[in-house]
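Okay, run_9.txt now, which holds compact mmCIF, C-alpha atoms and all ligand atoms:
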```txt
# COMPACT_ATOMS: atom_id res chain seq x y z
CA MET A 278 15.73 -11.66 -11.40
CA ARG A 279 12.72 -13.73 -12.44
CA VAL A 280 9.84 -12.25 -10.41
CA ALA A 281 6.27 -13.56 -10.22
CA VAL A 282 3.79 -10.76 -9.47
CA THR A 283 0.26 -11.71 -8.36
CA GLY A 284 -2.53 -9.18 -8.83
CA ALA A 285 -0.65 -7.98 -11.91
CA SER A 286 -3.88 -6.87 -13.65
CA GLY A 287 -4.76 -4.59 -10.73
CA ARG A 288 -4.33 -0.92 -9.97
CA VAL A 289 -1.02 -1.36 -8.13
CA GLY A 290 0.12 -4.42 -10.07
CA ARG A 291 0.15 -2.75 -13.49
CA ALA A 292 2.40 0.08 -12.31
CA VAL A 293 4.64 -2.25 -10.30
CA VAL A 294 5.13 -4.56 -13.29
CA ASP A 295 6.18 -1.58 -15.45
CA VAL A 296 8.77 -0.49 -12.89
CA LEU A 297 10.16 -4.02 -12.42
CA VAL A 298 10.41 -4.60 -16.18
CA ALA A 299 12.16 -1.24 -16.62
CA ALA A 300 14.57 -2.25 -13.83
CA GLY A 301 15.55 -5.31 -15.89
CA HIS A 302 13.58 -8.08 -14.16
CA GLU A 303 11.89 -10.90 -16.03
CA VAL A 304 8.34 -10.50 -14.74
CA GLN A 305 5.71 -13.25 -14.75
CA ARG A 306 2.30 -11.61 -14.37
CA LEU A 307 -0.30 -13.67 -12.50
CA ASP A 308 -3.96 -12.76 -11.97
CA ARG A 309 -7.42 -14.24 -12.16
CA ALA A 310 -8.49 -11.30 -14.34
CA PRO A 311 -7.28 -11.12 -17.94
CA GLY A 312 -4.72 -8.59 -19.11
CA GLU A 313 -1.68 -8.07 -21.28
CA GLU A 314 0.81 -10.95 -20.87
CA ILE A 315 -1.20 -12.24 -17.88
CA THR A 316 -1.14 -15.90 -16.91
CA GLN A 317 -4.63 -16.45 -15.54
CA ILE A 318 -4.79 -18.31 -12.24
CA ASP A 319 -7.20 -18.48 -9.32
CA LEU A 320 -4.85 -18.17 -6.35
CA THR A 321 -7.42 -19.69 -4.00
CA ASP A 322 -6.76 -22.98 -5.86
CA ALA A 323 -3.79 -24.38 -3.92
CA GLU A 324 -2.94 -27.18 -6.34
CA ALA A 325 -3.04 -24.98 -9.46
CA THR A 326 -0.98 -22.30 -7.69
CA ALA A 327 1.66 -24.81 -6.58
CA ASP A 328 1.87 -26.28 -10.12
CA LEU A 329 2.18 -22.87 -11.72
CA LEU A 330 4.90 -21.57 -9.41
CA ARG A 331 6.85 -24.83 -9.72
CA GLY A 332 6.72 -24.41 -13.49
CA ILE A 333 7.78 -20.75 -13.47
CA ALA A 334 10.47 -21.31 -10.82
CA PRO A 335 10.87 -17.62 -10.01
CA GLN A 336 13.55 -16.24 -7.66
CA ALA A 337 11.01 -13.85 -6.13
CA LEU A 338 7.29 -13.60 -5.48
CA VAL A 339 5.50 -10.26 -5.08
CA HIS A 340 2.01 -11.03 -3.78
CA LEU A 341 -0.43 -8.19 -4.45
CA ALA A 342 -3.63 -10.11 -5.30
CA ALA A 343 -6.46 -9.51 -2.85
CA ILE A 344 -9.97 -8.23 -2.45
CA ALA A 345 -8.43 -4.80 -2.07
CA VAL A 346 -11.30 -2.55 -1.02
CA PRO A 347 -12.86 -2.80 2.47
CA PHE A 348 -16.58 -3.73 2.39
CA SER A 349 -16.47 -4.37 -1.39
CA ALA A 350 -17.58 -8.00 -0.78
CA PRO A 351 -19.19 -9.83 2.14
CA GLU A 352 -16.93 -9.56 5.20
CA ARG A 353 -16.50 -13.36 5.40
CA ASP A 354 -15.37 -13.49 1.76
CA ILE A 355 -12.83 -10.70 2.23
CA PHE A 356 -11.36 -12.46 5.25
CA THR A 357 -11.25 -15.98 3.83
CA VAL A 358 -10.10 -15.02 0.31
CA ASN A 359 -7.33 -12.65 1.43
CA THR A 360 -5.93 -14.87 4.15
CA GLY A 361 -6.33 -18.11 2.18
CA MET A 362 -4.84 -16.69 -0.99
CA ALA A 363 -1.79 -15.26 0.83
CA PHE A 364 -1.13 -18.55 2.62
CA THR A 365 -1.53 -20.49 -0.62
CA ALA A 366 0.78 -18.20 -2.62
CA ILE A 367 3.48 -18.10 0.07
CA GLU A 368 3.36 -21.85 0.74
CA ALA A 369 3.56 -22.63 -3.00
CA ALA A 370 6.44 -20.17 -3.48
CA VAL A 371 8.47 -21.62 -0.61
CA ALA A 372 7.88 -25.13 -2.00
CA ALA A 373 8.97 -23.93 -5.46
CA GLY A 374 12.29 -22.69 -4.09
CA VAL A 375 11.56 -18.96 -4.18
CA THR A 376 14.05 -17.10 -1.98
CA ARG A 377 12.40 -13.64 -1.71
CA ILE A 378 8.71 -13.11 -0.93
CA LEU A 379 7.15 -9.66 -0.51
CA VAL A 380 3.45 -9.39 0.36
CA ALA A 381 1.06 -6.43 0.30
CA SER A 382 -0.60 -5.53 3.58
CA SER A 383 -2.26 -2.20 4.39
CA PRO A 384 -1.93 0.71 6.85
CA THR A 385 -5.57 0.02 7.83
CA VAL A 386 -4.23 -2.72 10.16
CA LEU A 387 -3.87 0.10 12.69
CA GLY A 388 -7.65 0.45 12.94
CA TYR A 389 -7.88 4.22 12.41
CA GLY A 390 -11.38 3.83 10.97
CA THR A 391 -12.93 3.62 14.43
CA PRO A 392 -14.23 6.87 16.00
CA ASP A 393 -12.26 6.55 19.26
CA TRP A 394 -8.92 5.59 17.67
CA THR A 395 -6.17 7.16 19.80
CA PRO A 396 -2.55 6.78 18.64
CA GLU A 397 0.10 6.93 21.33
CA ARG A 398 2.27 9.09 19.10
CA LEU A 399 2.52 10.56 15.63
CA PRO A 400 3.91 10.11 13.04
CA LEU A 401 3.02 6.43 12.95
CA ASP A 402 5.75 3.82 12.57
CA GLU A 403 5.73 0.03 12.58
CA SER A 404 5.75 -0.10 16.40
CA ALA A 405 2.17 1.24 16.47
CA PRO A 406 -0.19 -1.52 17.64
CA THR A 407 -2.55 -3.17 15.17
CA ALA A 408 -6.26 -2.90 16.00
CA PRO A 409 -8.28 -4.10 13.00
CA ALA A 410 -12.02 -3.40 13.07
CA ASN A 411 -13.20 -4.86 9.75
CA ALA A 412 -12.55 -8.01 7.73
CA TYR A 413 -10.16 -6.31 5.29
CA ALA A 414 -7.89 -4.91 8.03
CA LEU A 415 -8.15 -8.16 9.99
CA SER A 416 -7.21 -10.16 6.90
CA LYS A 417 -4.10 -7.99 6.46
CA VAL A 418 -3.06 -8.51 10.10
CA CYS A 419 -3.35 -12.26 9.46
CA VAL A 420 -1.40 -11.91 6.20
CA GLU A 421 1.42 -10.11 8.06
CA GLU A 422 1.43 -12.87 10.70
CA THR A 423 1.51 -15.48 7.93
CA VAL A 424 4.58 -13.77 6.46
CA ALA A 425 6.22 -13.67 9.92
CA ALA A 426 5.41 -17.36 10.52
CA PHE A 427 6.99 -18.43 7.22
CA ALA A 428 10.00 -16.22 8.02
CA ARG A 429 10.48 -18.30 11.17
CA SER A 430 9.85 -21.70 9.56
CA ALA A 431 11.78 -21.09 6.31
CA PRO A 432 15.06 -19.38 7.27
CA SER A 433 16.52 -19.74 3.77
CA VAL A 434 13.74 -17.50 2.39
CA ARG A 435 13.62 -13.73 2.97
CA LEU A 436 10.05 -12.50 3.46
CA ALA A 437 8.43 -9.18 4.33
CA SER A 438 5.09 -7.45 4.22
CA PHE A 439 4.59 -3.83 3.25
CA ARG A 440 1.75 -1.40 3.88
CA PRO A 441 1.32 0.86 0.88
CA CYS A 442 -0.53 4.06 1.63
CA TYR A 443 -3.49 5.11 -0.59
CA VAL A 444 -2.05 4.32 -4.02
CA ILE A 445 -2.30 6.88 -6.83
CA THR A 446 -1.59 5.58 -10.35
CA PRO A 447 -0.15 7.69 -13.18
CA GLU A 448 -3.56 8.06 -14.89
CA GLU A 449 -5.12 9.18 -11.60
CA TRP A 450 -2.78 12.18 -11.49
CA ASP A 451 -4.36 13.10 -14.83
CA GLY A 452 -7.91 13.01 -13.41
CA ALA A 453 -9.00 9.35 -13.52
CA PRO A 454 -11.00 8.31 -10.43
CA THR A 455 -8.94 6.93 -7.54
CA GLN A 456 -9.78 3.72 -5.65
CA GLN A 457 -12.60 5.40 -3.69
CA GLY A 458 -14.17 6.87 -6.84
CA HIS A 459 -13.24 10.57 -6.59
CA THR A 460 -10.23 12.32 -8.11
CA VAL A 461 -6.98 13.40 -6.43
CA LEU A 462 -8.15 17.00 -6.77
CA ASP A 463 -11.44 16.14 -5.02
CA ARG A 464 -9.43 14.68 -2.13
CA LEU A 465 -7.28 17.80 -1.85
CA ARG A 466 -10.28 20.15 -2.01
CA ASP A 467 -12.40 18.27 0.52
CA PRO A 468 -10.24 17.13 3.46
CA ALA A 469 -13.07 14.88 4.71
CA LEU A 470 -12.31 12.49 1.81
CA ALA A 471 -8.59 11.97 2.54
CA ALA A 472 -9.13 12.14 6.31
CA VAL A 473 -10.49 8.58 6.14
CA SER A 474 -6.94 7.37 5.36
CA LEU A 475 -5.19 9.96 7.59
CA PHE A 476 -4.24 11.89 4.41
CA ASN A 477 -1.80 9.16 3.43
CA TYR A 478 -1.00 8.32 -0.19
CA VAL A 479 1.82 7.03 -2.38
CA ASP A 480 2.54 7.08 -6.10
CA ALA A 481 2.19 3.57 -7.59
CA ARG A 482 5.60 3.91 -9.29
CA ASP A 483 7.21 4.72 -5.96
CA VAL A 484 5.68 1.46 -4.70
CA GLY A 485 7.36 -0.33 -7.63
CA VAL A 486 10.69 1.29 -6.79
CA PHE A 487 10.31 0.18 -3.15
CA ILE A 488 9.65 -3.40 -4.29
CA ASP A 489 12.70 -3.35 -6.56
CA ALA A 490 14.82 -1.97 -3.69
CA TRP A 491 13.55 -4.63 -1.25
CA LEU A 492 14.26 -7.43 -3.75
CA ALA A 493 17.89 -6.28 -3.90
CA ALA A 494 18.24 -5.64 -0.14
CA ASP A 495 19.75 -8.97 0.85
CA ALA A 496 20.65 -7.71 4.33
CA ALA A 497 17.04 -6.71 5.12
CA PRO A 498 15.63 -8.78 7.99
CA SER A 499 13.14 -11.53 7.22
CA GLY A 500 9.59 -11.16 8.56
CA ALA A 501 9.67 -7.34 8.71
CA ARG A 502 6.74 -5.00 7.96
CA TYR A 503 7.10 -1.62 6.32
CA PHE A 504 4.99 1.46 5.77
CA VAL A 505 5.44 2.72 2.22
CA GLY A 506 4.06 6.21 1.70
CA ALA A 507 4.76 9.60 0.18
CA ALA A 508 6.88 11.95 2.29
CA ASP A 509 4.06 14.48 2.50
CA ALA A 510 0.34 14.24 3.21
CA LEU A 511 -2.45 14.53 0.64
CA ALA A 512 -3.55 17.79 2.20
CA VAL A 513 -3.20 21.53 1.71
CA ASP A 514 -3.58 22.44 5.39
CA PRO A 515 -1.21 21.30 8.16
CA LEU A 516 -1.99 17.92 9.69
CA ASP A 517 -1.76 19.10 13.31
CA GLU A 518 -4.96 21.08 12.53
CA LEU A 519 -6.64 18.62 10.16
CA LEU A 520 -6.22 15.32 11.99
CA PRO A 521 -7.91 16.26 15.30
CA ARG A 522 -10.80 17.75 13.33
CA PHE A 523 -11.62 14.35 11.81
CA HIS A 524 -10.05 12.00 14.39
CA PRO A 525 -10.55 13.52 17.86
CA GLY A 526 -8.38 10.81 19.45
CA THR A 527 -5.32 12.28 17.70
CA ARG A 528 -5.57 15.58 19.63
CA ASP A 529 -2.70 14.85 22.06
CA ALA A 530 -0.33 13.32 19.48
CA ALA A 531 -1.00 15.64 16.51
CA PRO A 532 1.15 18.62 17.68
CA ALA A 533 4.24 16.49 16.89
CA LEU A 534 3.35 16.60 13.17
CA ARG A 535 5.10 19.23 11.09
CA GLY A 536 3.24 21.13 8.36
CA THR A 537 1.92 18.80 5.68
CA SER A 538 4.51 16.08 6.35
CA SER A 539 2.99 12.59 6.33
CA ALA A 540 1.45 11.07 9.45
CA PHE A 541 3.29 7.85 8.45
CA ASP A 542 7.00 7.29 8.93
CA ASN A 543 9.02 5.57 6.15
CA THR A 544 12.22 5.34 8.21
CA ALA A 545 12.25 1.52 8.44
CA ALA A 546 11.83 1.05 4.68
CA THR A 547 14.59 3.58 3.99
CA ARG A 548 16.91 2.06 6.60
CA ASP A 549 16.53 -1.51 5.30
CA THR A 550 16.34 -0.92 1.54
CA GLY A 551 17.66 2.59 0.79
CA TRP A 552 14.28 3.47 -0.78
CA VAL A 553 12.89 6.98 -0.47
CA PRO A 554 9.63 8.18 -2.05
CA ARG A 555 10.31 10.58 -4.91
CA ARG A 556 6.83 11.64 -6.01
CA SER A 557 4.40 14.04 -4.37
CA TRP A 558 1.04 15.50 -5.43
CA ARG A 559 3.00 18.73 -5.78
CA THR A 560 5.25 17.19 -8.46
CA GLU A 561 2.73 14.89 -10.18
CA LEU A 562 -0.48 16.93 -10.59
CA HIS A 563 -0.70 18.84 -13.86
CA PRO A 564 0.13 22.56 -13.46
CA ASP A 565 -3.45 23.40 -14.55
CA ALA A 566 -4.81 21.20 -11.74
CA LEU A 567 -2.47 22.85 -9.23
CA ALA A 568 -3.63 26.27 -10.46
CA ALA A 569 -7.29 25.20 -10.13
CA LEU A 570 -6.57 24.00 -6.59
CA ALA A 571 -4.87 27.29 -5.68
CA ALA A 572 -7.84 29.20 -7.15
CA SER A 573 -10.25 27.25 -4.99
CA THR A 574 -8.37 28.09 -1.79
CA SER A 575 -8.97 31.40 -0.06
CA ALA A 576 -5.95 32.09 2.11
CA PRO A 577 -2.97 33.85 0.46
CA ASP A 578 -0.60 31.13 1.69
CA GLY A 579 -2.55 28.52 -0.27
CA ARG A 580 -4.49 27.10 2.65
CA THR A 581 -8.09 26.10 2.12
CA SER A 582 -10.88 28.04 3.77
CA ARG A 583 -12.16 24.99 5.67
N1 LIG B 1 -4.72 0.55 -3.84
C1 LIG B 1 -4.41 0.95 -2.61
O1 LIG B 1 -4.54 2.12 -2.29
C2 LIG B 1 -3.88 -0.03 -1.59
C3 LIG B 1 -3.54 0.44 -0.31
C4 LIG B 1 -3.07 -0.47 0.64
C5 LIG B 1 -2.91 -1.79 0.30
N2 LIG B 1 -3.24 -2.22 -0.97
C6 LIG B 1 -3.04 -3.63 -1.27
O2 LIG B 1 -2.27 -3.71 -2.48
C7 LIG B 1 -2.68 -4.84 -3.24
C8 LIG B 1 -3.08 -4.44 -4.64
O3 LIG B 1 -4.18 -3.53 -4.56
P1 LIG B 1 -4.87 -2.91 -5.85
O4 LIG B 1 -5.34 -1.56 -5.47
O5 LIG B 1 -3.99 -3.08 -7.03
O6 LIG B 1 -6.16 -3.85 -5.99
P2 LIG B 1 -6.90 -4.31 -7.34
O7 LIG B 1 -8.26 -4.76 -6.93
O8 LIG B 1 -6.79 -3.26 -8.39
O9 LIG B 1 -6.04 -5.55 -7.78
C9 LIG B 1 -6.10 -6.77 -7.10
C10 LIG B 1 -5.95 -7.86 -8.10
O10 LIG B 1 -6.03 -9.12 -7.42
C11 LIG B 1 -6.66 -10.01 -8.29
N3 LIG B 1 -7.27 -11.14 -7.57
C12 LIG B 1 -8.28 -11.10 -6.67
N4 LIG B 1 -8.62 -12.34 -6.30
C13 LIG B 1 -7.82 -13.20 -7.00
C14 LIG B 1 -7.70 -14.61 -7.05
N5 LIG B 1 -8.50 -15.41 -6.33
N6 LIG B 1 -6.76 -15.14 -7.86
C15 LIG B 1 -5.95 -14.34 -8.60
N7 LIG B 1 -6.02 -13.00 -8.60
C16 LIG B 1 -6.96 -12.43 -7.80
C17 LIG B 1 -7.76 -9.18 -8.97
O11 LIG B 1 -8.19 -9.77 -10.18
C18 LIG B 1 -7.04 -7.85 -9.16
O12 LIG B 1 -6.49 -7.71 -10.45
C19 LIG B 1 -3.79 -5.50 -2.44
O13 LIG B 1 -3.26 -6.53 -1.64
C20 LIG B 1 -4.32 -4.38 -1.58
O14 LIG B 1 -4.97 -4.86 -0.43
C21 LIG B 1 -3.72 -1.37 -1.91
```

Output the structure of this file as C-alpha cells.
Ligand SMILES: NC(=O)c1ccc[n+]([C@@H]2O[C@H](COP(=O)([O-])OP(=O)(O)OC[C@H]3O[C@@H](n4cnc5c(N)ncnc54)[C@H](O)[C@@H]3O)[C@@H](O)[C@H]2O)c1
Amino acid sequence: MRVAVTGASGRVGRAVVDVLVAAGHEVQRLDRAPGEEITQIDLTDAEATADLLRGIAPQALVHLAAIAVPFSAPERDIFTVNTGMAFTAIEAAVAAGVTRILVASSPTVLGYGTPDWTPERLPLDESAPTAPANAYALSKVCVEETVAAFARSAPSVRLASFRPCYVITPEEWDGAPTQQGHTVLDRLRDPALAAVSLFNYVDARDVGVFIDAWLAADAAPSGARYFVGAADALAVDPLDELLPRFHPGTRDAAPALRGTSSAFDNTAATRDTGWVPRRSWRTELHPDALAALAASTSAPDGRTSR
C-alpha cells in the first residue's frame, strides 16, 4: 500500500516508518523538519498540504505530526496547531481519494493529570470519559472528534484515532533519554516519574505493528478510538499499591488491577485488528540494565523499597 506518514521525522514516526517499510508498504515521509527521504511540508498550510497529497495519491494516511509534548509551547499554539493540522491533513487526504486514515491521539484525553481524577473503573478502556485539562489533551479530544466527524461525512473512507501510551524507541531501551528527558531505568527506579502517565508505555515498533494491522483490518469500524499500550506497566511494584499512592482518586478502582499488568486495556485494538503488543521492558532492556535495576531494589522478590 502507498502510505503517507506525517511526523515521519519524529520520535514515533521514525520507528513507524521502519516497520511499515519492512512490512512492504511504499512509505511517503512527510514532516516540516528535515530527515532522510523526508518531503518537507508545513501541514498548517492547507493549500500546500492538499497539493502534496493530491500529487502523492496515497491509499492511506497516518497522521502523527503534532506539537507532541504538553506545555512545550504556548497553550494557544498547541491547541490551534494540533487541531488545525489534523483537520487540514484529514480534509486533504479525503479530497485526494485516500481510503484509510489513522490519526494519533493520546491517553491524556482522560485528564489523569488533575489531582482529583477519579476513574470509575480500572483498567481503563475506550468507554472511560474524556476530561482534558490542558491544551494538548484538549487538542487530542478535538482531533478524535474530527476523525469521528469525517467518518460520518465520508462513508467510503475508513478512519480511526489511536492513543499510544508513553512511547519508548529502540535507542531509548539502550539508555537514550525518553520524551520527558530521563531514561527508562530512571522511570523504573523512581515510580514518581512514570506515575504521571499511570505507568503506561509502549514500544515504538509495537505502535508500527498496530498501524500496519489497522491498515489491513478492512472490517474495523470507521471512527473508532483505540488505546495502544504494552501489556504490562512500566513499574516494578504492583499497580494496586502504586496508583493510589500517586493518584488518590484511584483508591476504589485500583484493587481490580492485577500485579504489574497495565492500567490500560488493549482489548478493542486486538478485537478489531488482531494486534497484540509483543514488547515489554522485561524483554527490551539490556540484561545489564535489568541486573542494575534488580541490584537497586531491596526486596528479594524484586520489588523496590519505596
Ligand atoms: N511520544 C509519545 O509518548 C506519545 C504518546 C501519545 C501520543 N503521541 C502522539 O504521537 C504523535 C507523534 O509523537 P512523537 O513523540 O513522535 O512527537 P515528535 O515531536 O517527536 O514528532 C512530531 C513531528 O511532527 C512534526 N510537525 C510538527 N508540526 C508540524 C507542521 N506544522 N508540519 C509538519 N510537521 C510538523 C515535527 O517536526 C515532528 O517531527 C503525536 O501526535 C503525539 O501527540 C506521542

**Asked** Hey, which residues come within 9 Å of ligand LIG 1 (chain B) if we count only C-alpha atoms and all ligand atoms? Could you give them as number ranges by chain?
**Response** A: 283-292, 307-312, 317-322, 340-347, 358-359, 362, 380-385, 413-414, 417, 439-446, 455-457, 478-479, 481

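Of the residues listed (A:Gly361, A:Gly452, A:Pro392, A:Gly301), A:Gly452 shows the shortest atom-to-atom separation from Ala566 in chain A; distances use only C-alpha atoms.
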
**Request:** Could you give me, as a list in words, the residues that have an atom at most 10 Å away from the point (-5.2, 22.7, -7.1) in the coordinates of the file, using all atoms listed in the file?
**Result:** Val461, Leu462, Asp463, Leu465, Arg466, Val513, Trp558, Arg559, Leu562, His563, Pro564, Asp565, Ala566, Leu567, Ala568, Ala569, Leu570, Ala571, Ala572, Ser573, Thr574 and Gly579 of chain A

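Closest to Glu518 in chain A among A:Ala531, A:Val298, A:Ala408, A:Ala490 is A:Ala531, based on all atoms listed in the file.
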
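The list of residues with at least one atom within 10 Å of Gly374 in chain A, based on all atoms listed in the file and without residues fewer than 2 positions apart in the same chain, reads Leu330, Arg331, Ala334, Pro335, Gln336, Ala337, Ala369, Ala370, Val371, Ala372, Thr376, Arg377, Ser433 and Val434 of chain A.
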
Hey, could you pull the box centre and edge lengths for range 355-373 of chain A, axis-aligned, 5 Å padding per side, all listed atoms, to one decimal in Å, as lines of an AutoDock Vina configuration file?
```
center_x = -1.9
center_y = -17.9
center_z = -0.1
size_x = 31.8
size_y = 24.4
size_z = 20.7
```

**Item:** Atom pair CA of Ala363 in chain A / CA of Leu329 in chain A: separation (Å)
**Value:** 15.2 Å

**Prompt:** What gap, in Å, lies between CA of Thr407 in chain A and CA of Ala530 in chain A?
**Reply:** 17.2 Å

**Complete:** For Glu352 in chain A, the closest of A:Arg429, A:Ser438, A:Ala412, A:Val484 counting all atoms listed in the file is A:Ala412

**Message:** For a quick check of understanding, using only C-alpha atoms, which of A:Thr326, A:Ser416, A:Thr316, A:Ser557 has the smallest distance to Trp450 in chain A?
**Reply:** A:Ser557

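Atom pair CA of Asp549 in chain A / CA of Phe487 in chain A: separated by 10.6 Å.
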
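Considering all atoms listed in the file, the residue among A:Asp480, A:Arg548, A:Glu397, A:Val473 positioned nearest to Glu449 in chain A is A:Asp480.
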
**Asked** Could you pull the residues within 9 Å of Ala501 in chain A, counting only C-alpha atoms, minus those fewer than 4 positions along the same chain, as a ChimeraX atom specification?
**Response** /A:421,424-425,428,436-439,497

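Comparing the minimum interatomic distances between Ile333 in chain A and each of A:Val296, A:Thr365, A:Val280, A:Arg502, counting all atoms listed in the file, we find that A:Val280 sits nearest.
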